[in-house]
Structure formats: structure tokens, C-alpha cells
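Asker: Before I ask anything, let me first share the structure, which is written out below as C-alpha cells.
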Amino acid sequence: MKYSVSLQRCETYIPADIEGALKKLLAPLGGMGAFVKNGQRVLIKPNMLAGRHPDRAVTTHPEVLRAVIRMVQAAGGIASVGDSPGMGTAAKVARQSGLMEVIEECGATFAPFSDSVPVQSTHFFHELELARDILDAEVIINLPKLKTHQMMGMTCAVKNLFGAVVGLRKPKLHLQAGSDKKLFARMLLDLAGKIQPALTIVDAVVAMEGEGPGSGDPKEMGALLAGSNLLAVDALACHLSALPPSQVWTQKIALELRMAGARFEDLELHGAPLFCIPLKPAKPTDIHFGLPKALQTPLEKSLTARPRVKPERCRICGDCVKACPPEAMRIEKDQLRIDLDRCIRCFCCHELCPHAALSIHQGLLLRMAAFFGRA
Ligand code: SF4
Ligand code: SF4
């Protein structure tokens, strides 16, 4: 079976360019009318990780959101926009990232993702709690930003849906998965299966490389991607950015489980010809060197990456302390301290610090492995 994905080049966020490219992007998939019918309630889910200026490439660009809202409204849909950011209130993050202005100008509704509803899960997480706003929608449109991700390798179609888990329930899931990336990827795939957006449109006009998803560097890619199958969209994103699926955990696990759409060979590409603009990957954050499990735990402490505070940047705001799933951080005598025995290496703190005051420190062997191309 083949899975349709569409690709268009778009070099700028000028509204007319984005609108034109999005129309061409969706045409081979049947246009917005194939996904949205008159009178349907449509929830659009951008990436609203944190309240940063659009130029930082942390969040979905407001002009992409504007064009998508207008296309939904033109198809007769009733548009609302929502997400649950990693830090801060959704309304504040939407305002700071320029998305709220667009929502208001377009006459769409802002969905704050404040209430949760328990949803049965299938794998290791027996129950997930998802935003009522997303479950109540008749149609979901996923609107991720393509970024590198220091824990999962890449954030795009699948990972963007983690925002459907409300506020502090996200750190709880991180805590349940600990530093087990495979387990966390399984949870993300399970979550994506529950939400099943009708359509995913990826903002990769300017992507993020390096220390994503919060502290990386913007990288011009000039692309918009779309498709109905989340894994097919992520397979295309991996190809365009030269991020190997073996290092993108959701894709790696999906391939191992032979999930539909995960194989690049199964894509049916429409639109622009394929190209590749490599994104500099995020630093690897752990490694086991193929050691037996009994030896992993003692060695992990000295070999895995760990968060490190940059005191000259830290403003002692305490935001990371509140977000740390195992409560491994504390402020003591005006200094931020990390208890590395409790730290599960989820790197939520690095992802969310608004002042880039945390770095990821790698052990010597980890650096050597990266140098010799093993990690
Ligand atoms: S590391 Fe960042 S989030 Fe944590 S206290 Fe310092 S400035 Fe605040
Ligand atoms: S200190 Fe940072 S990396 Fe460690 S558990 Fe807390 S949030 Fe995660």
C-alpha cells in the first residue's frame, strides 16, 4: 500500500507566498474540502512549546496558522486553535509567539486545553489524559514545526501531538518513561493513534537544527509538507532533513513494529521533487554501548549526558524546578541545584528554560562515541 504525502517549496513567510504554497500543497490530497465539511468543528494544533518570537523557530509560524485557519473557514469549518505548552499558560504562550493575534484577527476560537479526559491506552501506559478540547473536535488538523529534538531525535507530526496531554501531566508521563526513549516513543505513538488527526501540515519554511526543540538554531528549509498518515509525513521529514529514522525514536519504533506509513519506500510523493537540506542533529543524550543491562545502570551515571546549569545565565526563576518530573531540582541559597541521582535525563529543563541557562553535558565516552560516529 502507498501513503500519499505532498511537498511544496516556500521560501518566505510572506502571507501571499504561504497561501499560494498551501493551496498547491493540498491540491493533490483533494484540497481542504477533502478534510473539512460545512459546519464541522475543527481543532488546529500548532506547536506552542514556549512563548518565543516566531523568528526563533520554536513555534509554528503565525502566517502558516493564519493561512490554515482561512482555508478551514473557506471550507465551511468552525476553526479553533489550541495546545498545552511545556511551560507557562497557553494564552500567554500564544500571545508571546504571535499566534493569538492571528487567532483573533481571523475570528477563530482559542482552545486553552485546560480540562483533561482519561483515555484508555494499550501499551505500558494504561491510561492517558487528553485535552477535552481535542477530543471534542470533529476534525483535527496537526500543524507541527520541523525541529530536531535532543531526546527523541526529531519533533514533527507524531511528537507534536504530545501537546494534547495537559500541562503537568506531561512531566508525569516523562517520569513514568524515565530515560527509556523506547518506552517514551511507544507512548507517543499510542497517543498519536488515539488522536488521529485528519491532516498534518508541517511548517518547515524555517526549521530548527541543533539543540532543539527549544534552544536550537533556525535553519531555512523552504518547505511545507502534508499528509494524512503521521508516520508517512515524518518519514518524508526525515528524508528532507537527513535525520536518519534510526535516530528518530518514534520512527525507529514504528519501523520495528511495521506500522503503516513508516517506510519511506511506501510513500507516494506529490508536488515538488525531493530535496535534502541536512539539519544538524541534537547531541546524543545517552548510550549503552551494547552493554548487558546489569552493567548499564552503574555505568549510566558516568556515561550518560546530564543537565548542567550555566550560573551566569540562570535567573533563578524556578520554572525548571516546577517542570522537573522527579523533583530533582531545587533552589538553595540563590543557586539552582540538580540532584543527578534523581535526574531521569528527560531534559525537560533544557527544553523549557526561557533563558537558555541549561546545557547538556556529555561524558567523555559519550563524546568519543559521537566523534567516532557511533552515537
Ligand atoms: S535554569 Fe532557567 S528555568 Fe531554571 S531557574 Fe535558571 S533561568 Fe529559570
Ligand atoms: S533535572 Fe532536568 S533532565 Fe533531570 S529529571 Fe529534572 S527536568 Fe529532567
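Here, A, B, ... name the chains of the C-alpha cells in the order displayed, residue numbers run from 1 inside each chain, and ligands are numbered from 1 in the same displayed order.
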With ligand 2 as the partner and 8 Å as the cut-off, tabulate the residues of chain A that qualify, each row holding the nearest pair of atoms and their distance in Å to one decimal, using only C-alpha atoms and all ligand atoms, sorted by chain and rising number, as CSV.
Answerer:
residue,atom,partner,partner_atom_place_in_ligand_line,distance
A:Leu175,CA,ligand 2,5 (S),7.9
A:Arg306,CA,ligand 2,3 (S),6.6
A:Pro307,CA,ligand 2,3 (S),5.6
A:Cys320,CA,ligand 2,7 (S),6.6
A:Val321,CA,ligand 2,6 (Fe),7.4
A:Ala323,CA,ligand 2,7 (S),6.3
A:Cys324,CA,ligand 2,7 (S),3.7
A:Pro325,CA,ligand 2,5 (S),5.8
A:Pro326,CA,ligand 2,5 (S),5.7
A:Glu327,CA,ligand 2,6 (Fe),6.3
A:Ala328,CA,ligand 2,6 (Fe),5.1
A:Met329,CA,ligand 2,1 (S),5.6
A:Ile338,CA,ligand 2,1 (S),5.6
A:Asp339,CA,ligand 2,1 (S),7.1
A:Leu340,CA,ligand 2,4 (Fe),6.9
A:Arg342,CA,ligand 2,5 (S),6.8
A:Cys343,CA,ligand 2,4 (Fe),3.7
A:Ile344,CA,ligand 2,5 (S),4.4
A:Arg345,CA,ligand 2,3 (S),4.0
A:Cys346,CA,ligand 2,8 (Fe),4.0
A:Phe347,CA,ligand 2,3 (S),3.6
A:Cys348,CA,ligand 2,7 (S),4.4
A:Cys349,CA,ligand 2,7 (S),4.2
A:His350,CA,ligand 2,2 (Fe),6.5
Asker: Quick one: write out the picked residues with C-alpha atoms as an mmCIF file, in the first residue's frame?
Answerer:
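The result, stored in part_11.cif:
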data_model
loop_
_atom_site.group_PDB
_atom_site.id
_atom_site.type_symbol
_atom_site.label_atom_id
_atom_site.label_comp_id
_atom_site.auth_asym_id
_atom_site.auth_seq_id
_atom_site.Cartn_x
_atom_site.Cartn_y
_atom_site.Cartn_z
ATOM 1 C CA LEU A 175 8.577 10.312 34.827
ATOM 2 C CA ARG A 306 23.300 15.240 32.061
ATOM 3 C CA PRO A 307 21.877 18.741 32.519
ATOM 4 C CA CYS A 320 12.532 24.360 35.587
ATOM 5 C CA VAL A 321 12.114 23.321 39.235
ATOM 6 C CA ALA A 323 8.634 21.237 35.485
ATOM 7 C CA CYS A 324 11.191 18.646 36.633
ATOM 8 C CA PRO A 325 9.237 15.325 36.728
ATOM 9 C CA PRO A 326 11.153 13.579 39.569
ATOM 10 C CA GLU A 327 11.685 16.819 41.546
ATOM 11 C CA ALA A 328 15.432 16.566 41.090
ATOM 12 C CA MET A 329 15.931 20.345 41.011
ATOM 13 C CA ILE A 338 20.364 19.348 40.374
ATOM 14 C CA ASP A 339 20.318 16.021 42.175
ATOM 15 C CA LEU A 340 21.797 13.771 39.485
ATOM 16 C CA ARG A 342 17.201 11.520 40.946
ATOM 17 C CA CYS A 343 17.527 13.036 37.458
ATOM 18 C CA ILE A 344 15.966 10.797 34.784
ATOM 19 C CA ARG A 345 17.627 12.647 31.846
ATOM 20 C CA CYS A 346 14.333 13.722 30.313
ATOM 21 C CA PHE A 347 15.827 17.174 29.592
ATOM 22 C CA CYS A 348 12.504 18.934 30.165
ATOM 23 C CA CYS A 349 14.527 21.613 31.993
ATOM 24 C CA HIS A 350 16.793 22.206 28.989
#
Asker: Find the spatial neighbours of Arg315 (chain A), counting only C-alpha atoms, within a cut-off of 12 Å - ignore same-chain residues fewer than 5 positions away - and output them as a PyMOL selection string.
Answerer: chain A and resi 309-310+320+331+334-336+353-358
Asker: Which one of A:His270, A:Leu279, A:Met259, A:Val166 sits closest to His239 (chain A) if you count only C-alpha atoms?
Answerer: A:Leu279
Asker: Pick from A:Ile18, A:Val248, A:Leu230, A:Met48: nearest to Phe184 (chain A), with only C-alpha atoms counted?
Answerer: A:Val248
Asker: Quick one: residues within 12 Å of Lys92 (chain A), only C-alpha atoms counted, chain neighbours fewer than 6 positions away excluded, as a list in words?
Answerer: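 The residues that qualify are Met48, Leu49, Ala50, Gly51, Arg52, Asp83, Ser84, Pro85, Gly86, Gly98, Leu99, Met100, Glu101, Phe110 and Pro112 of chain A.
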Asker: Can you write out the residues you just picked, keeping C-alpha atoms, as a PDB file, in the first residue's frame?
Answerer:
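This went into part06.pdb:
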ATOM      1  CA  MET A  48       3.283  26.135  21.039  1.00  0.00           C
ATOM      2  CA  LEU A  49       6.212  24.831  23.059  1.00  0.00           C
ATOM      3  CA  ALA A  50       7.068  28.178  24.639  1.00  0.00           C
ATOM      4  CA  GLY A  51       6.425  31.883  24.254  1.00  0.00           C
ATOM      5  CA  ARG A  52       9.176  32.817  21.815  1.00  0.00           C
ATOM      6  CA  ASP A  83      -2.170  23.468  22.538  1.00  0.00           C
ATOM      7  CA  SER A  84      -0.797  22.874  26.005  1.00  0.00           C
ATOM      8  CA  PRO A  85       2.682  24.390  26.183  1.00  0.00           C
ATOM      9  CA  GLY A  86       5.501  22.896  28.187  1.00  0.00           C
ATOM     10  CA  GLY A  98       2.325  35.836  17.753  1.00  0.00           C
ATOM     11  CA  LEU A  99      -0.295  33.098  17.346  1.00  0.00           C
ATOM     12  CA  MET A 100      -3.037  34.720  19.461  1.00  0.00           C
ATOM     13  CA  GLU A 101      -3.036  37.852  17.300  1.00  0.00           C
ATOM     14  CA  PHE A 110      -8.730  29.897  21.279  1.00  0.00           C
ATOM     15  CA  PRO A 112      -6.924  26.614  26.232  1.00  0.00           C
TER      16      PRO A 112
END
Asker: Could you state the separation of CA of Leu257 (chain A) and CA of Ile201 (chain A) in Å, given to one decimal place?
Answerer: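 Computing it gives 24.6 Å between the two atoms.
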Asker: So which residues touch Lys182 (chain A) within 10 Å, counting only C-alpha atoms, skipping near sequence neighbours fewer than 6 positions away, as a compact mmCIF listing (two decimals) with N, CA and C atoms, in the first residue's frame?
Answerer:
# COMPACT_ATOMS: atom_id res chain seq x y z
N MET A 152 14.16 12.85 21.50
CA MET A 152 13.52 11.95 20.52
C MET A 152 14.18 12.00 19.14
N LEU A 188 4.24 7.93 22.75
CA LEU A 188 3.90 8.96 21.76
C LEU A 188 3.14 8.36 20.57
N TRP A 249 13.32 8.48 17.39
CA TRP A 249 12.83 7.33 18.14
C TRP A 249 11.44 6.88 17.76
N THR A 250 10.54 7.81 17.51
CA THR A 250 9.18 7.38 17.14
C THR A 250 9.22 6.63 15.81
N LYS A 252 11.85 5.06 14.48
CA LYS A 252 12.59 3.80 14.68
C LYS A 252 11.66 2.71 15.24
N ILE A 253 10.88 3.08 16.28
CA ILE A 253 9.99 2.10 16.89
C ILE A 253 8.86 1.74 15.93
Asker: So which residues touch Ser97 (chain A) within 12 Å, counting only C-alpha atoms, skipping near sequence neighbours fewer than 6 positions away, as a list in words?
Answerer: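 Contacts, in chain order: Pro46, Asn47, Met48, Leu49, Ala50, Gly51, Arg52, His53, Pro54, Asp55, Arg56, Ala57, Val58, Thr59, Thr60, His61, Pro62, Glu63, Leu65, Pro85, Ala90, Ala91 and Ile103 of chain A.
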Asker: Enumerate, as a list in words, the complete set of residues in region 191-248 of chain A that a backbone-based DSSP assignment places in helix (DSSP H, G or I).
Answerer: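 Those residues are Leu191, Ala192, Gly193, Lys194, Ile195, Leu230, Leu231, Ala232, Val233, Asp234, Ala235, Leu236, Ala237, Cys238, His239, Leu240, Ser241, Pro245, Ser246 and Gln247 of chain A.
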Asker: How would the residues just picked look written out with N, CA and C atoms as a PDB file, in the first residue's frame?
Answerer:
ATOM      1  N   LEU A 191      -0.362   7.611  21.724  1.00  0.00           N
ATOM      2  CA  LEU A 191      -1.096   8.883  21.815  1.00  0.00           C
ATOM      3  C   LEU A 191      -1.539   9.355  20.418  1.00  0.00           C
ATOM      4  N   ALA A 192      -0.617   9.281  19.468  1.00  0.00           N
ATOM      5  CA  ALA A 192      -0.928   9.722  18.100  1.00  0.00           C
ATOM      6  C   ALA A 192      -2.057   8.864  17.523  1.00  0.00           C
ATOM      7  N   GLY A 193      -2.041   7.572  17.855  1.00  0.00           N
ATOM      8  CA  GLY A 193      -3.093   6.673  17.375  1.00  0.00           C
ATOM      9  C   GLY A 193      -4.450   7.021  17.962  1.00  0.00           C
ATOM     10  N   LYS A 194      -4.453   7.521  19.198  1.00  0.00           N
ATOM     11  CA  LYS A 194      -5.725   7.915  19.827  1.00  0.00           C
ATOM     12  C   LYS A 194      -6.273   9.196  19.194  1.00  0.00           C
ATOM     13  N   ILE A 195      -5.377  10.101  18.845  1.00  0.00           N
ATOM     14  CA  ILE A 195      -5.832  11.413  18.369  1.00  0.00           C
ATOM     15  C   ILE A 195      -6.190  11.375  16.880  1.00  0.00           C
ATOM     16  N   LEU A 230       0.479  10.128   9.813  1.00  0.00           N
ATOM     17  CA  LEU A 230       1.510  10.824  10.597  1.00  0.00           C
ATOM     18  C   LEU A 230       2.910  10.258  10.332  1.00  0.00           C
ATOM     19  N   LEU A 231       3.005   8.941  10.259  1.00  0.00           N
ATOM     20  CA  LEU A 231       4.321   8.322  10.089  1.00  0.00           C
ATOM     21  C   LEU A 231       4.869   8.582   8.699  1.00  0.00           C
ATOM     22  N   ALA A 232       3.970   8.644   7.706  1.00  0.00           N
ATOM     23  CA  ALA A 232       4.417   8.948   6.344  1.00  0.00           C
ATOM     24  C   ALA A 232       4.962  10.375   6.282  1.00  0.00           C
ATOM     25  N   VAL A 233       4.286  11.296   6.966  1.00  0.00           N
ATOM     26  CA  VAL A 233       4.769  12.688   6.987  1.00  0.00           C
ATOM     27  C   VAL A 233       6.135  12.746   7.681  1.00  0.00           C
ATOM     28  N   ASP A 234       6.291  12.015   8.782  1.00  0.00           N
ATOM     29  CA  ASP A 234       7.580  12.017   9.481  1.00  0.00           C
ATOM     30  C   ASP A 234       8.666  11.323   8.652  1.00  0.00           C
ATOM     31  N   ALA A 235       8.293  10.306   7.893  1.00  0.00           N
ATOM     32  CA  ALA A 235       9.275   9.651   7.019  1.00  0.00           C
ATOM     33  C   ALA A 235       9.793  10.639   5.976  1.00  0.00           C
ATOM     34  N   LEU A 236       8.881  11.448   5.430  1.00  0.00           N
ATOM     35  CA  LEU A 236       9.303  12.466   4.456  1.00  0.00           C
ATOM     36  C   LEU A 236      10.181  13.518   5.138  1.00  0.00           C
ATOM     37  N   ALA A 237       9.790  13.924   6.352  1.00  0.00           N
ATOM     38  CA  ALA A 237      10.582  14.928   7.085  1.00  0.00           C
ATOM     39  C   ALA A 237      11.998  14.412   7.357  1.00  0.00           C
ATOM     40  N   CYS A 238      12.113  13.141   7.733  1.00  0.00           N
ATOM     41  CA  CYS A 238      13.443  12.550   7.971  1.00  0.00           C
ATOM     42  C   CYS A 238      14.286  12.626   6.704  1.00  0.00           C
ATOM     43  N   HIS A 239      13.653  12.298   5.597  1.00  0.00           N
ATOM     44  CA  HIS A 239      14.393  12.291   4.332  1.00  0.00           C
ATOM     45  C   HIS A 239      14.864  13.706   3.973  1.00  0.00           C
ATOM     46  N   LEU A 240      13.977  14.683   4.077  1.00  0.00           N
ATOM     47  CA  LEU A 240      14.321  16.061   3.677  1.00  0.00           C
ATOM     48  C   LEU A 240      15.409  16.650   4.568  1.00  0.00           C
ATOM     49  N   SER A 241      15.415  16.246   5.829  1.00  0.00           N
ATOM     50  CA  SER A 241      16.352  16.846   6.787  1.00  0.00           C
ATOM     51  C   SER A 241      17.585  15.972   7.027  1.00  0.00           C
ATOM     52  N   PRO A 245      16.080   7.786  10.263  1.00  0.00           N
ATOM     53  CA  PRO A 245      14.972   7.231  11.061  1.00  0.00           C
ATOM     54  C   PRO A 245      15.475   6.401  12.240  1.00  0.00           C
ATOM     55  N   SER A 246      16.673   5.834  12.117  1.00  0.00           N
ATOM     56  CA  SER A 246      17.211   5.045  13.232  1.00  0.00           C
ATOM     57  C   SER A 246      17.549   5.929  14.431  1.00  0.00           C
ATOM     58  N   GLN A 247      17.629   7.256  14.228  1.00  0.00           N
ATOM     59  CA  GLN A 247      17.921   8.163  15.335  1.00  0.00           C
ATOM     60  C   GLN A 247      16.715   9.038  15.702  1.00  0.00           C
TER      61      GLN A 247
END
Asker: At a cut-off of 10 Å, can you tabulate as CSV every residue of region 71-154 of chain A near region 207-216 of chain A together with its closest atom pair and the distance in Å to one decimal, using only C-alpha atoms and ordering rows by chain then number?
Answerer:
residue,atom,partner,partner_atom,distance
A:Lys145,CA,A:Ala207,CA,6.7
A:Leu146,CA,A:Ala207,CA,5.2
A:Lys147,CA,A:Met208,CA,4.5
A:Thr148,CA,A:Gly212,CA,4.8
A:His149,CA,A:Gly212,CA,4.6
A:Gln150,CA,A:Gly212,CA,6.0
A:Met151,CA,A:Gly212,CA,9.1
A:Met152,CA,A:Pro213,CA,9.8
A:Gly153,CA,A:Gly212,CA,8.8
A:Met154,CA,A:Gly212,CA,8.2
